[in-house]
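Let me begin by presenting the structure, written as structure tokens, before commenting on it.
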Amino acid sequence: MIGLTVLGSTGSIGVSTLDVIARHPDRFHVVALTANKDVDGLFEQCKQFQPQFAVMADPDAANQLEQRFHGARIRIEVLSGVEGLEYVASLDSVAYVMAAIVGAAGLVPTLSAARAGKKILLANKEALVVAGALFMREAAQGGAEILPIDSEHNAVFQCMPANFSQGLEQVGVSQILLTASGGPFRQLTLDQLKGVTPDQACAHPNWDMGRKISVDSATMMNKGLEVIEACWLFNTSPDQVKVVLHPQSVIHSMVAYTDGSVLAQLGNPDMRTPIAHALAWPERISSGVKPLDLFEVGRLDFEAPDFSRFACLRLAYDAINTGGTAPAILNAANEVAVASFLEGGIAFTEIPEVIESVLNGIPSVEAGELEGLLAVDAEARCYAEQMIQSRV
Ligand code: NAD
Ligand code: MG
């Protein structure tokens with residue numbers, strides 16, 4: 001039996017992970033479940049999966065959960081805060097850690113799993129964007145194995161030769177082709193984009209996801225973050241990672257080889273496929289995803305992305321090309337801008353404007369250790385808040 005911690009179990013990826021786990025009770029047992037503030041959600045999950053630990057990042061929520069367990073005579077140890085998350089990410093009884101917290105908040109707990117040499121199922125792309133060099137180094141030193149959950153990176157992983165870590169050139173890979181649906185606003189003009197609402201931004205045509213990543217998909221910052229994620233996961237440079245618009249979201253990404261071959265991974269857009277792949281790798285297990293019906297799909301379309309309407313994608317390429325702390329600044333500014341957009345504070349088209357002004361206002365320096373990166377993250381958040389205040 002494989003012991004598993006799910007960081008961010010009440011979120012979209014967390015719920016899909018538990019759905020797959022529940023199909024394989026002979027293979028996995030849940031050691032710890034974690035959430036930020038969703039007491040009801042975590043309580044219900046704990047009743048079903050009976051983990052040893054339940055962690056709420058928020059201390060008040062942890063108290064409430066403890067009382068709920070007490071009242072229901074459930075014996076599950078409740079922990080709180082980042083320390084609680086770090087603890088359950090590095091327990092000896094845990095072999096696999098699903099890293100599915102949203103945003104830079106996932107960095108420290110996921111790093112704890114890396115240092116402890118766990119098999120990390122990485123959904124939390126922001127951890128790599130903020131601290132790619134540090135994270136990859138700690139994972140290597142700790143003996144951790146990283147399996148990508150992001151559907152594109154999971155697809156790329158499936159299309160890569162087994163020895164890709166030797167270097168893409170050595171193994172004959174010429175390019176990584178990341179597919180992007182283009183989100184709900186793919187065909188809107190810049191003028192039309194100005195008036196879109198949070199609910200429209202969160203209504204993704206193909207995927208059902210948390211609100212932050214849904215807005216990121218609508219601005220295409222999600223694809224930008226994924227370009228950066230791909231550079232770290234596959235040890236390559238941004239000019240070898242190309243974004244291809246593919247509205248059907250059936251091809252999840254591709255790998256081009258020097259001999260002219262292009263390998264693709266296809267499937268219905270359902271995160272349970274990459275989750276099941278990573279959970280069982282190198283074996284295959286059932287995921288609950290319905291088989292792909294190519295006749296129903298009918299056709300596959302491809303377009304080049306428009307960097308002027310989707311400025312976030314350009315900003316992300318710029319940030320990874322600049323290097324150092326620029327991606328961490330980009331990510332922090334984006335998190336603040338997206339949160340403000342979701343609360344009705346700024347317009348959709350102001351998201352890239354805020355990010356760009358933060359990137360211009362804070363110079364990138366060499367990305368050092370964790371403390372320095374967390375300080376840059378905090379500084380960029382502060383700067384972004386100020387930029388937003390000055391607009392209203
Ligand atoms: P979500 O908002 O649905 O869930 C986030 C989870 O993290 C929740 O359990 C929440 O309680 C927890 N959380 C939030 N803030 C926290 C904090 N400060 N401390 C501790 N826990 C906290 O998000 P999601 O859509 O499931 O996405 C999770 C991650 O997976 C993101 O990094 C996202 O980019 C990535 N991802 C998601 C999808 C998808 O289909 N949803 C696909 C690819 C990658
Ligand atoms: Mg993705």
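As shown in the structure tokens, the chain order sets the letters A, B, ...; within each chain, residues go from 1, and ligands are also counted from 1 in the order they appear.
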
task = Please write out the residues within 6 Å of ligand 2 as a ChimeraX atom specification, counting only C-alpha atoms and all ligand atoms.
result = /A:150-152

Just write the chosen residues, all heavy atoms, as a PDB file, in the first residue's frame.
ATOM      1  N   ASP A 150       0.094  18.741 -14.503  1.00  0.00           N
ATOM      2  CA  ASP A 150      -0.438  19.677 -15.488  1.00  0.00           C
ATOM      3  C   ASP A 150      -0.602  18.884 -16.782  1.00  0.00           C
ATOM      4  O   ASP A 150       0.334  18.188 -17.211  1.00  0.00           O
ATOM      5  CB  ASP A 150       0.583  20.827 -15.678  1.00  0.00           C
ATOM      6  CG  ASP A 150      -0.116  22.152 -15.892  1.00  0.00           C
ATOM      7  OD1 ASP A 150      -1.304  22.142 -16.256  1.00  0.00           O
ATOM      8  OD2 ASP A 150       0.535  23.197 -15.691  1.00  0.00           O
ATOM      9  N   SER A 151      -1.780  18.965 -17.402  1.00  0.00           N
ATOM     10  CA  SER A 151      -2.074  18.038 -18.502  1.00  0.00           C
ATOM     11  C   SER A 151      -1.048  18.146 -19.636  1.00  0.00           C
ATOM     12  O   SER A 151      -0.656  17.126 -20.218  1.00  0.00           O
ATOM     13  CB  SER A 151      -3.479  18.280 -19.040  1.00  0.00           C
ATOM     14  OG  SER A 151      -3.619  19.623 -19.443  1.00  0.00           O
ATOM     15  N   GLU A 152      -0.575  19.385 -19.909  1.00  0.00           N
ATOM     16  CA  GLU A 152       0.395  19.575 -20.994  1.00  0.00           C
ATOM     17  C   GLU A 152       1.717  18.892 -20.662  1.00  0.00           C
ATOM     18  O   GLU A 152       2.313  18.211 -21.506  1.00  0.00           O
ATOM     19  CB  GLU A 152       0.648  21.067 -21.231  1.00  0.00           C
ATOM     20  CG  GLU A 152      -0.564  21.861 -21.697  1.00  0.00           C
ATOM     21  CD  GLU A 152      -1.558  22.170 -20.604  1.00  0.00           C
ATOM     22  OE1 GLU A 152      -1.277  21.824 -19.427  1.00  0.00           O
ATOM     23  OE2 GLU A 152      -2.631  22.726 -20.905  1.00  0.00           O
TER      24      GLU A 152
END

inquiry  = For the structure I just gave you, how does DSSP split stretch 96-287 of chain A - specifically, which residues are alpha helix (DSSP H)? Reply as a PyMOL selection string.
reply    = chain A and resi 107-115+125-142+151-159+190-193+198-202+211-219+221-233+272-280

Taking only C-alpha atoms and all ligand atoms into account, produce a table as a Markdown table in which each residue of chain A with an atom at most 8 Å from an atom of ligand 1 appears once, together with its shortest atom pair and the distance in Å to one decimal, ordered by chain and rising number.
| residue | atom | partner | partner_atom_place_in_ligand_line | distance |
| --- | --- | --- | --- | --- |
| A:Leu7 | CA | ligand 1 | 7 (O) | 7.0 |
| A:Gly8 | CA | ligand 1 | 9 (O) | 3.2 |
| A:Ser9 | CA | ligand 1 | 9 (O) | 4.7 |
| A:Thr10 | CA | ligand 1 | 9 (O) | 3.8 |
| A:Gly11 | CA | ligand 1 | 4 (O) | 3.1 |
| A:Ser12 | CA | ligand 1 | 26 (O) | 3.6 |
| A:Ile13 | CA | ligand 1 | 26 (O) | 3.9 |
| A:Gly14 | CA | ligand 1 | 26 (O) | 5.9 |
| A:Val15 | CA | ligand 1 | 26 (O) | 7.8 |
| A:Thr34 | CA | ligand 1 | 9 (O) | 6.6 |
| A:Ala35 | CA | ligand 1 | 11 (O) | 3.6 |
| A:Asn36 | CA | ligand 1 | 11 (O) | 3.8 |
| A:Lys37 | CA | ligand 1 | 11 (O) | 5.9 |
| A:Asp38 | CA | ligand 1 | 11 (O) | 6.0 |
| A:Met56 | CA | ligand 1 | 20 (C) | 7.1 |
| A:Ala57 | CA | ligand 1 | 20 (C) | 4.9 |
| A:Asp58 | CA | ligand 1 | 19 (N) | 7.5 |
| A:Gly81 | CA | ligand 1 | 19 (N) | 7.8 |
| A:Val82 | CA | ligand 1 | 19 (N) | 7.2 |
| A:Leu85 | CA | ligand 1 | 20 (C) | 7.6 |
| A:Ala99 | CA | ligand 1 | 29 (C) | 7.4 |
| A:Ala100 | CA | ligand 1 | 28 (C) | 4.4 |
| A:Ile101 | CA | ligand 1 | 7 (O) | 3.5 |
| A:Val102 | CA | ligand 1 | 31 (C) | 3.9 |
| A:Gly103 | CA | ligand 1 | 32 (O) | 5.3 |
| A:Ala105 | CA | ligand 1 | 18 (N) | 4.8 |
| A:Gly106 | CA | ligand 1 | 19 (N) | 6.6 |
| A:Leu122 | CA | ligand 1 | 30 (O) | 7.8 |
| A:Ala123 | CA | ligand 1 | 30 (O) | 4.1 |
| A:Asn124 | CA | ligand 1 | 32 (O) | 3.4 |
| A:Lys125 | CA | ligand 1 | 32 (O) | 5.0 |
| A:Glu126 | CA | ligand 1 | 32 (O) | 5.7 |
| A:Ala127 | CA | ligand 1 | 32 (O) | 7.9 |
| A:Ile149 | CA | ligand 1 | 43 (C) | 6.5 |
| A:Asp150 | CA | ligand 1 | 43 (C) | 4.1 |
| A:Ser151 | CA | ligand 1 | 43 (C) | 6.0 |
| A:Trp207 | CA | ligand 1 | 40 (O) | 6.4 |
| A:Asp208 | CA | ligand 1 | 40 (O) | 6.2 |
| A:Met209 | CA | ligand 1 | 41 (N) | 3.7 |
| A:Gly210 | CA | ligand 1 | 25 (O) | 3.4 |
| A:Arg211 | CA | ligand 1 | 2 (O) | 6.0 |
| A:Lys212 | CA | ligand 1 | 2 (O) | 6.4 |
| A:Ile213 | CA | ligand 1 | 34 (O) | 5.3 |
| A:Ser214 | CA | ligand 1 | 25 (O) | 7.6 |
| A:Asn222 | CA | ligand 1 | 34 (O) | 7.4 |
| A:Asp270 | CA | ligand 1 | 40 (O) | 7.7 |
| A:Met271 | CA | ligand 1 | 40 (O) | 5.8 |

Go ahead and dump the residues you just picked, C-alpha atoms, as a PDB file, in the first residue's frame.
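And here's result-v1.pdb as it stands now:
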ATOM      1  CA  LEU A   7      -1.954  18.987  -0.394  1.00  0.00           C
ATOM      2  CA  GLY A   8      -4.981  21.059  -1.406  1.00  0.00           C
ATOM      3  CA  SER A   9      -7.390  18.115  -1.315  1.00  0.00           C
ATOM      4  CA  THR A  10     -10.569  20.240  -1.375  1.00  0.00           C
ATOM      5  CA  GLY A  11      -9.671  21.956  -4.660  1.00  0.00           C
ATOM      6  CA  SER A  12     -10.412  20.903  -8.200  1.00  0.00           C
ATOM      7  CA  ILE A  13      -7.235  18.776  -8.569  1.00  0.00           C
ATOM      8  CA  GLY A  14      -7.563  17.468  -4.998  1.00  0.00           C
ATOM      9  CA  VAL A  15     -11.101  16.226  -5.604  1.00  0.00           C
ATOM     10  CA  THR A  34      -5.091  19.409   3.666  1.00  0.00           C
ATOM     11  CA  ALA A  35      -7.004  22.582   2.843  1.00  0.00           C
ATOM     12  CA  ASN A  36      -6.856  26.286   3.530  1.00  0.00           C
ATOM     13  CA  LYS A  37     -10.214  27.255   5.111  1.00  0.00           C
ATOM     14  CA  ASP A  38     -12.817  24.845   3.737  1.00  0.00           C
ATOM     15  CA  MET A  56      -5.897  23.387   7.733  1.00  0.00           C
ATOM     16  CA  ALA A  57      -3.519  26.182   6.761  1.00  0.00           C
ATOM     17  CA  ASP A  58      -5.783  28.627   8.572  1.00  0.00           C
ATOM     18  CA  GLY A  81      -0.285  26.405   9.397  1.00  0.00           C
ATOM     19  CA  VAL A  82       2.578  25.996   6.978  1.00  0.00           C
ATOM     20  CA  LEU A  85       1.627  21.234   5.765  1.00  0.00           C
ATOM     21  CA  ALA A  99       1.054  19.014  -4.674  1.00  0.00           C
ATOM     22  CA  ALA A 100      -2.266  20.692  -5.508  1.00  0.00           C
ATOM     23  CA  ILE A 101      -2.287  23.889  -3.474  1.00  0.00           C
ATOM     24  CA  VAL A 102      -2.938  26.897  -5.684  1.00  0.00           C
ATOM     25  CA  GLY A 103      -0.374  29.682  -6.027  1.00  0.00           C
ATOM     26  CA  ALA A 105       1.414  29.224  -1.090  1.00  0.00           C
ATOM     27  CA  GLY A 106       2.223  25.711  -2.320  1.00  0.00           C
ATOM     28  CA  LEU A 122       3.212  18.264  -9.250  1.00  0.00           C
ATOM     29  CA  ALA A 123       0.091  20.266 -10.102  1.00  0.00           C
ATOM     30  CA  ASN A 124       1.255  23.426  -8.306  1.00  0.00           C
ATOM     31  CA  LYS A 125       3.070  25.003 -11.271  1.00  0.00           C
ATOM     32  CA  GLU A 126       3.555  28.268  -9.353  1.00  0.00           C
ATOM     33  CA  ALA A 127       6.133  26.519  -7.120  1.00  0.00           C
ATOM     34  CA  ILE A 149       0.196  16.615 -13.358  1.00  0.00           C
ATOM     35  CA  ASP A 150      -0.438  19.677 -15.488  1.00  0.00           C
ATOM     36  CA  SER A 151      -2.074  18.038 -18.502  1.00  0.00           C
ATOM     37  CA  TRP A 207     -11.973  22.310 -18.476  1.00  0.00           C
ATOM     38  CA  ASP A 208     -13.605  22.620 -15.050  1.00  0.00           C
ATOM     39  CA  MET A 209     -10.969  24.193 -12.750  1.00  0.00           C
ATOM     40  CA  GLY A 210     -10.412  26.424  -9.701  1.00  0.00           C
ATOM     41  CA  ARG A 211     -11.116  30.146 -10.189  1.00  0.00           C
ATOM     42  CA  LYS A 212      -7.501  31.374 -10.171  1.00  0.00           C
ATOM     43  CA  ILE A 213      -6.321  29.018 -12.910  1.00  0.00           C
ATOM     44  CA  SER A 214      -9.529  29.658 -14.861  1.00  0.00           C
ATOM     45  CA  ASN A 222      -1.636  29.976 -17.490  1.00  0.00           C
ATOM     46  CA  ASP A 270     -10.345  15.431 -17.714  1.00  0.00           C
ATOM     47  CA  MET A 271      -7.548  15.833 -15.154  1.00  0.00           C
TER      48      MET A 271
END

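Of the residues under consideration (A:Ala61, A:Leu330, A:Phe341, A:Tyr96), A:Leu330 shows the shortest atom-to-atom contact distance to A:Ala380 when counting only C-alpha atoms.
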
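Of the listed residues (A:Ile388, A:Leu374, A:Ala311, A:Ala104), A:Ala104 comes nearest to A:Asn331; the distances count only C-alpha atoms.
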
Selection: 8 Å around stretch 231-248 of chain A, only C-alpha atoms, excl. self and same-chain fewer than 4 positions, as a CSV table (one decimal) with C-alpha atoms, in the first residue's frame:
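Result went into selection35.csv, see below:
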chain,number,residue,atom,x,y,z
A,128,LEU,CA,8.3,26.0,-10.2
A,132,GLY,CA,12.4,26.6,-10.4
A,133,ALA,CA,16.2,26.4,-9.9
A,136,MET,CA,14.9,21.2,-9.0
A,164,PHE,CA,15.3,12.8,-21.5
A,165,SER,CA,17.1,14.0,-18.4
A,167,GLY,CA,19.4,16.7,-22.3
A,168,LEU,CA,16.9,17.2,-25.0
A,174,SER,CA,14.0,19.5,-31.1
A,175,GLN,CA,10.9,21.2,-29.6
A,176,ILE,CA,8.2,21.0,-27.0
A,177,LEU,CA,4.8,22.0,-28.4
A,178,LEU,CA,2.5,23.1,-25.6
A,179,THR,CA,-1.2,23.2,-26.7
A,180,ALA,CA,-3.5,25.9,-25.4
A,181,SER,CA,-7.3,26.0,-25.8
A,182,GLY,CA,-7.1,29.8,-25.9
A,206,ASN,CA,-13.3,22.6,-22.0
A,223,LYS,CA,0.2,29.1,-20.7
A,227,VAL,CA,6.2,27.6,-20.6
A,297,VAL,CA,-14.2,15.0,-31.9
A,300,LEU,CA,-8.5,19.1,-34.7
A,301,ASP,CA,-7.6,22.7,-35.3
A,302,PHE,CA,-4.4,24.7,-34.7
A,303,GLU,CA,-3.6,28.4,-34.7
A,304,ALA,CA,-0.7,30.6,-33.6
A,305,PRO,CA,-1.3,32.6,-30.4
A,317,TYR,CA,8.2,34.7,-22.1
A,320,ILE,CA,11.8,33.5,-18.2
A,321,ASN,CA,14.2,35.1,-20.8

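If you measure from each of A:Ala319, A:Ile251, A:Ala264, A:Cys312 to A:Leu294 using only C-alpha atoms, the closest one turns out to be A:Ile251.
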
ask   = Please, what distance in Å, to one decimal, runs between atom CA of A:Glu371 and atom CA of A:Asp216?
value = 26.4 Å

ask   = Residues of stretch 87-287 of chain A in strand (DSSP E) according to DSSP, as a PyMOL selection string?
value = chain A and resi 96-99+119-122+145-148+173-180+241-245+251-257+262-266

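Of the residues under consideration (A:Val289, A:Ala62, A:Met160, A:Ala278), A:Val289 shows the shortest atom-to-atom contact distance to A:Asp19 when counting only C-alpha atoms.
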
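Comparing A:Arg272, A:Lys119, A:Lys194, A:Arg391 by their smallest distance to A:Arg309, the closest is A:Lys194 (using only C-alpha atoms).
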
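Among the candidate residues A:Gly195, A:Gly41, A:Gly117, A:Pro274, the one lying nearest to A:Phe157 is A:Pro274, with distances computed using only C-alpha atoms.
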
inquiry  = as number ranges by chain, please: the residues near A:Gln141 (cut-off 12 Å, only C-alpha atoms, same-chain neighbours under 3 positions excluded).
reply    = A: 111, 113-118, 134-138, 144-145

File dump, residues just selected, C-alpha atoms, as a PDB file, in the first residue's frame:
ATOM      1  CA  LEU A 111       9.698  21.926  -1.172  1.00  0.00           C
ATOM      2  CA  ALA A 113       8.302  16.929   0.049  1.00  0.00           C
ATOM      3  CA  ALA A 114      11.233  17.463  -2.334  1.00  0.00           C
ATOM      4  CA  ARG A 115      13.766  17.566   0.496  1.00  0.00           C
ATOM      5  CA  ALA A 116      12.241  14.430   2.018  1.00  0.00           C
ATOM      6  CA  GLY A 117      12.711  12.558  -1.277  1.00  0.00           C
ATOM      7  CA  LYS A 118       9.040  11.893  -1.996  1.00  0.00           C
ATOM      8  CA  LEU A 134      15.986  25.871  -6.107  1.00  0.00           C
ATOM      9  CA  PHE A 135      13.146  23.376  -6.387  1.00  0.00           C
ATOM     10  CA  MET A 136      14.851  21.205  -9.021  1.00  0.00           C
ATOM     11  CA  ARG A 137      18.106  21.264  -7.050  1.00  0.00           C
ATOM     12  CA  GLU A 138      16.448  20.320  -3.747  1.00  0.00           C
ATOM     13  CA  ALA A 144      12.652  13.136  -5.024  1.00  0.00           C
ATOM     14  CA  GLU A 145      10.963  12.156  -8.264  1.00  0.00           C
TER      15      GLU A 145
END

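The gap separating atom CA of A:Cys202 from atom CA of A:Met98 is 23.9 Å, in Å to one decimal.
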